[in-house]
Each structure stands twice: as structure tokens, then as C-alpha cells.
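Contents: one structure, followed by commentary.
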Amino acid sequence: MTVCGLAGFVGPRHDSRAARETLDAMSAAIGHRGPDSTGFHVDENVAFAFTRLAINDLGAGDQPMYDESRQIVAMTTGEIYNYRELRDLLVGRGHTLRTRCDTEVIPHLYEEFGRDFVSRLDGQFAVVLYDHREQLFIGARDHFGVTPLFYAHQGGELVFGSEIKAMLKHPAMPRRVDLVGLDQVFTLPGLVSPRTMFEGVHSVPPGTAVEFRPGDRPKLRTYWDLAYPRTDADFERHDESYYVRRVEDLLVRSVEKRLQSDVEVGLYLSGGLDSSLVGAIMRHLMPDAEIQSFAAAFPERELSESDYQRLMSGVLDTRHTERFVHGEEIASRLRTVVRHTECPLKESFNSAAHALSEAVHGAGVKVVLTGQGADELFGGYIGYRFDQVRRTQAAGGVTDLREARIREGLWGDENFFYERNDAGFRATKAGLYSAPVRERQDEIDCLGHPLVDRERLAGLHDLHRRSYLDLKLRLADHLLGDHGDRMVFANSVESRHPFLDRELVEFLATVPPELKLKGLEEKYLLKQVARDWIPRRIVDREKFGFTAPGSPHLIRQDDPAIEALLSRERIEADGYFDPDRVERLVREYGTPGFRINVPFETDLLMTVLTFNLLLDLYDLPAYSA
């Protein structure tokens, strides 16, 4: 297995020397994703670059890789967990494979199954290949969006990369802010594929492939999506014990897959249910191994979970690293964090995540398991409980006609509440944007652009509808993207997520929703699984949401750099925000004792502050109509 960074371009005939110079710059920009080696392929139509973080088959996994005729060239970042089964299948059909690297199966699998090869992959991956015979480029992202892949169509070429910073090294790439992307960051949990913060740059959505032939335009094709059953569907039901046993079996199998590695695998241990259960299964599968666990902690008792983290480290007998993150460190890391996220932030926890992966790298660990994904699949967020309460109340529908229209347009149900009252928040954004940007608010309003396929939501139970939306709007590009992938790979570390196993997730879609949220008890089914694995104190503890000191804390530090980024002169010069409104917010947030109640209130200045950092770091222009 080879975890790495990908970059390149495909299009009309190009000069090989100039192409190689561009590739060198592109690969250098993402060297942190793969510091162990680099690889290149350049011909008249194709320029591929690869940076490697060696995990398996350490001596023979360099890329690109080819079919026997070298007419198909392919690169992969991430992990293909079923590559052994695929390798056996291909060898049985007469293919010659020379390494144990998972990427080597890709060109041969494409030979056998054509463009549908990607549907046979099980893992977390981004795959790119070019078929010279068909003059076809395919770039695909895994089912849940664990691994990023970006692309742009510029000057007749398709430019791609694991991170946008690599693509910006291509001479044809413009640098402009996507205002719809900015509006998404304010309005939603984060960016949502295919949108990015860079106009003309697109993120391949989870479960999707981008296909391109030189001379044509790129096209997106969905190869997988999660299908929850409609409430009126007739499907087989079982007793509770059946679902408990089945989830346990699938989760153990998933953890076992994700322990495949020729290097040490560590554990992110938050002290909560999800990572503790993953750690317990990990210890069960590796009874005699030394396991290193890592946790972020804060000096503020109300923000820290260190007591529970230490408890679980003792239970699991791990060598535990507790990385304390102090308030002043949040500010000092923001510049680095935004450079890696390539988007503004809504809160500062990314700084803690970056510090944590730095500790993992410092301990010599390249791979960590996490508990990510359980909240979205087992009903773990407070929104699932709010839905339950609303269902039991005999209240009428939404009375604000503007809000009703927004909800009907987005979710196909005017009574479904996702994050907030969006009609009211639109006024908040209007007051924050500058007058010229405000004039375009109808155009840039992210809720006026498609977010999800409404047909996928039709007739679903509220829990399943929220789960689907959380997977699309919260998990893929925010929690797995800017908060996850970008923060671990900034320090050359890979994260793996056992709850995001396709077989497990597809089974969970068949589980009755009342077993995921029973009464008002979130993650009920997962808790029943966990009772035989981890202490009751962990299973039954109240859910603790990750948070960190926000912009009010930063403002009160009297840091000249923070003050300059939020100064009236800076806001006026950039032209994106209203200087009077920002000035008032700075005074309000700077008041001693002022706090923002995350997640119920939005830290507006954190997004303004980090957006301004993004402008600086990527040389993005001031606003012009």
C-alpha cells in the first residue's frame, strides 16, 4: 500500500521538458504527503507526478504503474484493502503482477472491467489513470471521501492534484475566490464537493469519478451512493441481538483490514465511545503488540477529555502521548493550518489536530486509526435527538414562508430542520458581506445551488435523512477533509477510519432507526456493541463535542498579527466584508467574559480571520465585481 500525493495534467500535445518542470513544482508543493520518494510519467498527452509515503511493500511500491503493454498508466493514493483478492482474480485471468503494492492492480483491473473497475475497490483512495488507446482519463474518489482529489479544466487541459496548492503551480491556473464556496463555509458545516474556495477548481465528490478526453469537457459519474430504505419499504427485520452481533463482526473485520501495514499503526484516543471501541478491537487483534495512542488535551478543564483518555489508555495498555495545546499555540499555528486546509475555518480545533499529528510523526508513527464516522451513522449528534423531540410534539409546520421555501428546495420537506433557520441567517450574512458582495447575494447564496440529490432524501425516516446529509455536508469535505486528511498529511501521517467501511455502512442502512437512537439515547446500538469491550464509564458518558478556544480568545491576546488581519484598513482593502460590521464584532468578541456557544452559535470572526489568511497565503485578489 502506498499513501501519497498525486498531481498532473492531461491534454493536447505538450513539450516534455516544460511539462517535467511543471510537474517538479507541483509535486514539491505536496511533498509533505509523500516524503519517501517521487515518481513521474511524461509523454505527449500525459504528465503524472507522484509523492510516496511508504506503508506496505516498502521497497517496491513506487508509482506510476502500468499494464503489460504500458498503454495504461495509473497512480493511487490511499489504501485498497481488497487488493489481495483483486490480485488473485487478475493473476487467475492471466495478468502478470510483480509487486505487493495495491496500485499495481489498478491498470489490470481497468483492462478487465473498463471504466467500472472502480466499483470493485474497497478502501480509501483516489485513483487516476490514462488509457492511451481510448484517450481517456479517469480520476475517482473513494465512497466516503476519505481521500481528496481536485481537478480543473483550463486551456483545454485537465489539471488535477491531491491538494489545490499543487494545481496552482500549473501556469494555466487562475487564482480567484469562489464566493459560493465562502458562503458555504459560513452557512454549512464546511465546503461541500464539488465546490472549493478557488473559482474553477472542483473537488471530486465521494463515490464519484471524473472522466476526460482531450478536446472534450470533463464529466462526473457517480459509481456509488448510500441508499437508505424508504419508510414505506418492506424489508426484513431481526431482533436487537442480531444487529449487535452483526455490527460487532463487521467492525472487527473493518479494524483488521485497517491494520494491514508494514509500519507501526497507532491510535487516536479521544476518550469517547467511538475511538475507545476501535482501540479495544485493535488490542484484541494485536494482544502482544506495543500500541501507541495519541490525544489532544487543553488546560481548560471544560474543554479537555484527558481523564477519560488516560482511563482508556490504561485499559488498553497503550503507550500514551498527551499533547496539551495551549491557547497561544492556536494562534501561532493558524497560518500553517490554513495553508494546508486551503479554506477558511469555522473554529480553531484544526490547530489542535495539526499539533496532534505532529506528535504522531515525532513518535515515528505513520498510520493512526480513528473513530470518525460513527456519529453520522449511529445518530450521535444532538440534531438526531432534536428530530426525535419534534416528531413527538404535535406542533404545526414552519410558519416563516421564506424558510419553508428554502427547506422545500433543499430537502424536499419544508418541516425538516438541518442546521439553523437559514432565512434568518441570510440576514446575518448580508450584514457581514461588503455592499458590492451583498448586491450579488442571490447569485452567491450557496443554498440556491444544488447540494444533494433530493431524490435520495424522499420518503426517508428523519434519522436516515439527517445521516445522509451529515455524510454529504459534514463528514466528507470538512471532518474527513480540512479537519482530517489535510491535518494528518501536513505531518506525513495517514488516518484510517474503521467505521467508514463500505460493507459495515451498507449493513447499517438496513438497521431500523429506532435501534440507533432509542428514545433519546444516541448511538444506542453502538453502545450495546461496546458494552463487552470497554468500561461502562466510557459507554455511558455524555457525548463531548470537540472544541477549542475560538476567535474571542485570539482577539483578547493582543496579537499584532491577529489585529492586522481584522483591522479596518485590511477589511476595506480586501473588499469582501463590511468594515463597520467587522469592527463591531471585534469589539463584542473582545469583551472580557464573552463566549460563543459552539455548535449552536457561529464564530463569524474566525471565518473572516482565516479567510484573510487564505488570501495572503495563496495570493488571491481583493474583491472586484
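Letters A, B, ... go to the chains of the C-alpha cells in the order shown; residues in each chain start at 1; ligands are counted from 1 in the same order.
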
Next item on the list: Enumerate as a list in words all residues of segment 241-408 of chain A assigned to strand (DSSP E or B) by DSSP on the backbone, naming them with the chain letters and numbers the document uses.
Entry: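 In segment 241-408 of chain A, DSSP puts these residues in strand (DSSP E or B): Val265, Gly266, Leu267, Tyr268, Gln292, Ser293, Phe294, Ala295, Ala296, Ala297, Arg319, His320, Thr321, Glu322, Arg323, Phe324, Val367, Val368 and Leu369 of chain A.
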
For the residues in the current selection, export all heavy atoms as a compact mmCIF listing (two decimals), in the first residue's frame.
# COMPACT_ATOMS: atom_id res chain seq x y z
N VAL A 265 1.13 0.98 13.40
CA VAL A 265 -0.17 1.64 13.36
C VAL A 265 -0.51 2.12 14.77
O VAL A 265 -0.47 1.34 15.72
CB VAL A 265 -1.26 0.69 12.85
CG1 VAL A 265 -2.63 1.39 12.85
CG2 VAL A 265 -0.93 0.18 11.45
N GLY A 266 -0.82 3.40 14.90
CA GLY A 266 -1.18 3.97 16.19
C GLY A 266 -2.67 4.21 16.28
O GLY A 266 -3.46 3.80 15.42
N LEU A 267 -3.08 4.93 17.34
CA LEU A 267 -4.50 5.13 17.63
C LEU A 267 -4.72 6.55 18.12
O LEU A 267 -4.03 7.01 19.04
CB LEU A 267 -4.95 4.14 18.71
CG LEU A 267 -6.34 4.31 19.31
CD1 LEU A 267 -7.41 3.97 18.28
CD2 LEU A 267 -6.51 3.44 20.56
N TYR A 268 -5.70 7.24 17.52
CA TYR A 268 -6.20 8.48 18.09
C TYR A 268 -7.22 8.12 19.16
O TYR A 268 -8.24 7.48 18.88
CB TYR A 268 -6.87 9.34 17.02
CG TYR A 268 -5.94 10.28 16.28
CD1 TYR A 268 -6.40 11.03 15.21
CD2 TYR A 268 -4.61 10.43 16.66
CE1 TYR A 268 -5.56 11.91 14.53
CE2 TYR A 268 -3.77 11.30 15.99
CZ TYR A 268 -4.24 12.04 14.92
OH TYR A 268 -3.42 12.91 14.25
N GLN A 292 0.81 2.58 20.35
CA GLN A 292 0.93 3.97 20.77
C GLN A 292 -0.40 4.68 20.54
O GLN A 292 -0.99 4.59 19.45
CB GLN A 292 2.03 4.68 19.98
CG GLN A 292 3.43 4.17 20.26
CD GLN A 292 4.48 5.16 19.79
OE1 GLN A 292 4.56 6.28 20.27
NE2 GLN A 292 5.29 4.73 18.84
N SER A 293 -0.87 5.37 21.55
CA SER A 293 -2.10 6.16 21.43
C SER A 293 -1.76 7.64 21.60
O SER A 293 -0.78 8.00 22.27
CB SER A 293 -3.15 5.72 22.45
OG SER A 293 -2.65 5.86 23.77
N PHE A 294 -2.61 8.49 21.00
CA PHE A 294 -2.34 9.93 20.97
C PHE A 294 -3.64 10.68 21.24
O PHE A 294 -4.70 10.30 20.73
CB PHE A 294 -1.77 10.34 19.62
CG PHE A 294 -0.52 9.60 19.23
CD1 PHE A 294 -0.60 8.37 18.58
CD2 PHE A 294 0.73 10.11 19.54
CE1 PHE A 294 0.56 7.68 18.23
CE2 PHE A 294 1.88 9.42 19.20
CZ PHE A 294 1.80 8.21 18.54
N ALA A 295 -3.55 11.75 21.99
CA ALA A 295 -4.74 12.54 22.31
C ALA A 295 -4.36 14.00 22.45
O ALA A 295 -3.29 14.34 22.96
CB ALA A 295 -5.38 12.04 23.60
N ALA A 296 -5.27 14.86 22.00
CA ALA A 296 -5.13 16.30 22.22
C ALA A 296 -5.87 16.66 23.51
O ALA A 296 -6.97 16.17 23.77
CB ALA A 296 -5.70 17.09 21.05
N ALA A 297 -5.26 17.53 24.31
CA ALA A 297 -5.88 17.97 25.56
C ALA A 297 -5.67 19.47 25.71
O ALA A 297 -4.77 20.06 25.09
CB ALA A 297 -5.29 17.22 26.75
N ARG A 319 1.00 2.92 25.01
CA ARG A 319 1.99 3.96 25.32
C ARG A 319 1.39 5.27 24.86
O ARG A 319 1.29 5.52 23.67
CB ARG A 319 3.32 3.66 24.63
CG ARG A 319 4.41 4.69 24.93
CD ARG A 319 5.78 4.05 24.88
NE ARG A 319 6.09 3.48 23.58
CZ ARG A 319 6.73 4.13 22.60
NH1 ARG A 319 7.10 5.37 22.77
NH2 ARG A 319 6.99 3.52 21.46
N HIS A 320 0.97 6.08 25.81
CA HIS A 320 0.10 7.21 25.52
C HIS A 320 0.87 8.52 25.45
O HIS A 320 1.68 8.83 26.32
CB HIS A 320 -1.00 7.30 26.58
CG HIS A 320 -2.09 8.27 26.25
ND1 HIS A 320 -2.87 8.16 25.12
CD2 HIS A 320 -2.54 9.37 26.91
CE1 HIS A 320 -3.76 9.13 25.09
NE2 HIS A 320 -3.58 9.89 26.17
N THR A 321 0.57 9.31 24.42
CA THR A 321 1.10 10.66 24.28
C THR A 321 -0.04 11.63 24.41
O THR A 321 -0.99 11.60 23.62
CB THR A 321 1.79 10.84 22.91
OG1 THR A 321 2.92 9.97 22.83
CG2 THR A 321 2.27 12.29 22.75
N GLU A 322 0.04 12.49 25.38
CA GLU A 322 -0.97 13.51 25.61
C GLU A 322 -0.40 14.84 25.14
O GLU A 322 0.56 15.35 25.71
CB GLU A 322 -1.32 13.56 27.10
CG GLU A 322 -2.55 14.36 27.44
CD GLU A 322 -2.91 14.16 28.91
OE1 GLU A 322 -2.13 14.55 29.78
OE2 GLU A 322 -3.99 13.58 29.17
N ARG A 323 -0.98 15.38 24.10
CA ARG A 323 -0.46 16.63 23.53
C ARG A 323 -1.31 17.79 24.02
O ARG A 323 -2.41 18.02 23.53
CB ARG A 323 -0.47 16.54 21.99
CG ARG A 323 0.03 17.80 21.28
CD ARG A 323 1.47 18.13 21.67
NE ARG A 323 2.05 19.08 20.75
CZ ARG A 323 1.95 20.41 20.89
NH1 ARG A 323 1.25 20.92 21.91
NH2 ARG A 323 2.54 21.21 20.03
N PHE A 324 -0.80 18.51 25.02
CA PHE A 324 -1.52 19.68 25.52
C PHE A 324 -1.37 20.82 24.53
O PHE A 324 -0.28 21.13 24.05
CB PHE A 324 -0.99 20.10 26.89
CG PHE A 324 -1.70 19.42 28.01
CD1 PHE A 324 -1.22 18.23 28.54
CD2 PHE A 324 -2.88 19.95 28.53
CE1 PHE A 324 -1.89 17.59 29.57
CE2 PHE A 324 -3.55 19.31 29.55
CZ PHE A 324 -3.06 18.13 30.07
N VAL A 367 0.77 5.78 10.62
CA VAL A 367 -0.64 5.45 10.42
C VAL A 367 -1.35 5.49 11.76
O VAL A 367 -0.83 4.98 12.77
CB VAL A 367 -0.80 4.05 9.80
CG1 VAL A 367 -2.28 3.72 9.58
CG2 VAL A 367 -0.03 3.93 8.49
N VAL A 368 -2.55 6.10 11.81
CA VAL A 368 -3.37 6.08 13.02
C VAL A 368 -4.80 5.69 12.67
O VAL A 368 -5.33 6.08 11.62
CB VAL A 368 -3.38 7.45 13.75
CG1 VAL A 368 -2.04 7.71 14.42
CG2 VAL A 368 -3.77 8.59 12.82
N LEU A 369 -5.43 4.93 13.56
CA LEU A 369 -6.86 4.64 13.46
C LEU A 369 -7.64 5.68 14.24
O LEU A 369 -7.17 6.20 15.25
CB LEU A 369 -7.17 3.25 14.00
CG LEU A 369 -6.48 2.04 13.38
CD1 LEU A 369 -7.14 0.75 13.86
CD2 LEU A 369 -6.45 2.10 11.88

Notebook entry, point to check: Hey, which of A:Asp274, A:Asp116, A:Glu494, A:Asp216 ends up closest to Gly155 of chain A? Count only C-alpha atoms.
Noted result: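 The answer is A:Asp216, which sits nearest to Gly155 of chain A.
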
Notebook entry, point to check: Can you list, as number ranges by chain, every residue of segment 304-540 of chain A that DSSP puts in alpha helix (DSSP H)?
Noted result: A: 306-316, 327-341, 349-362, 374-378, 382-392, 401-411, 422-432, 435-438, 441-444, 462-470, 486-489, 502-508, 524-530, 536-539

Notebook entry, point to check: Any idea what's packed within 7 Å of Asp603 of chain A, counting only C-alpha atoms, ignoring anything in its chain fewer than 6 positions away? Could you give it as an MDAnalysis selection string?
Noted result: chainID A and resid 346:347 551 596

Put those residues in a file: C-alpha atoms, as a tab-separated table (two decimals), in the first residue's frame.
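Generated file (part-v4.tsv):
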chain	number	residue	atom	x	y	z
A	346	LYS	CA	-15.35	27.97	11.45
A	347	GLU	CA	-13.46	27.06	14.62
A	551	SER	CA	-11.71	33.96	17.97
A	596	ILE	CA	-19.57	31.69	21.74

Margin query: Please determine, counting only C-alpha atoms, which residue among A:Thr607, A:Asn45, A:Thr318, A:Ser16 has the shortest atom-to-atom distance to Met286 of chain A.
Written below: A:Thr318

Checklist line | Top pick for closest residue to Asn350 of chain A, considering A:Arg541, A:Asp580, A:Gly424, A:Thr610 and counting only C-alpha atoms | finding: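 Selected residue with least distance to Asn350 of chain A: A:Thr610.
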
Margin query: When you look at Glu44 of chain A with a cut-off of 12 Å (counting only C-alpha atoms), what residues show up, excluding the ones that are within fewer than 2 positions of it in the same chain? I need them as an MDAnalysis selection string.
Written below: chainID A and resid 9:20 41:42 46:48 132 135 214

Next item on the list: Excluding His361 of chain A and residues on its chain fewer than 4 positions from it, collect all residues at most 7 Å away from it, counting only C-alpha atoms, and give them as a PyMOL selection string.
Entry: chain A and resi 357+365-366+491-493

Save out the residues we just selected, all heavy atoms, as a short mmCIF file (atom, residue, chain, number, x, y, z; two decimals), in the first residue's frame.
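For reference, selection29.cif as written:
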data_model
loop_
_atom_site.label_atom_id
_atom_site.label_comp_id
_atom_site.auth_asym_id
_atom_site.auth_seq_id
_atom_site.Cartn_x
_atom_site.Cartn_y
_atom_site.Cartn_z
N SER A 357 -1.11 15.53 15.06
CA SER A 357 -0.43 14.74 14.03
C SER A 357 1.07 14.99 14.05
O SER A 357 1.85 14.10 13.70
CB SER A 357 -1.02 15.04 12.64
OG SER A 357 -0.65 16.32 12.18
N VAL A 365 5.41 7.27 14.06
CA VAL A 365 4.24 6.52 13.61
C VAL A 365 3.71 7.16 12.32
O VAL A 365 3.59 8.38 12.23
CB VAL A 365 3.14 6.51 14.69
CG1 VAL A 365 1.88 5.84 14.18
CG2 VAL A 365 3.65 5.80 15.94
N LYS A 366 3.40 6.34 11.32
CA LYS A 366 2.91 6.83 10.04
C LYS A 366 1.41 6.65 9.84
O LYS A 366 0.83 7.29 8.95
CB LYS A 366 3.63 6.13 8.89
CG LYS A 366 5.08 6.54 8.67
CD LYS A 366 5.64 5.86 7.44
CE LYS A 366 7.04 6.37 7.10
NZ LYS A 366 7.56 5.72 5.86
N ASN A 491 1.75 16.50 8.35
CA ASN A 491 2.90 15.94 9.06
C ASN A 491 3.22 14.52 8.59
O ASN A 491 3.79 13.73 9.35
CB ASN A 491 2.62 15.96 10.57
CG ASN A 491 2.65 17.36 11.12
OD1 ASN A 491 3.66 18.06 11.02
ND2 ASN A 491 1.53 17.82 11.68
N SER A 492 2.84 14.20 7.35
CA SER A 492 3.18 12.91 6.73
C SER A 492 2.66 11.72 7.53
O SER A 492 3.36 10.74 7.78
CB SER A 492 4.71 12.79 6.55
OG SER A 492 5.23 13.89 5.83
N VAL A 493 1.39 11.82 7.92
CA VAL A 493 0.72 10.75 8.64
C VAL A 493 -0.58 10.42 7.91
O VAL A 493 -1.23 11.30 7.35
CB VAL A 493 0.39 11.17 10.10
CG1 VAL A 493 -0.44 10.11 10.82
CG2 VAL A 493 1.68 11.47 10.87
#

Item checked: Shell around Tyr524 of chain A at 8 Å using only C-alpha atoms, local window under 6 positions removed, as a PyMOL selection string -> chain A and resi 378+515-518

Margin query: Excluding segment 528-533 of chain A and its own-chain neighbours fewer than 2 positions away, which residues fall within 10 Å of it when counting only C-alpha atoms? Please give them as an MDAnalysis selection string.
Written below: chainID A and resid 240:241 243:249 251 273:274 276:281 284 515 523:526 535:536 538:540

Checklist line | Pick from A:Gly181, A:Val73, A:Arg310, A:Arg426, whichever lies nearest to Arg438 of chain A using only C-alpha atoms | finding: A:Arg426

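Minimum atom-to-atom distance to His202 of chain A, evaluated using only C-alpha atoms, belongs to A:Asp477 out of A:Glu290, A:Asp477, A:Glu328, A:Glu455.
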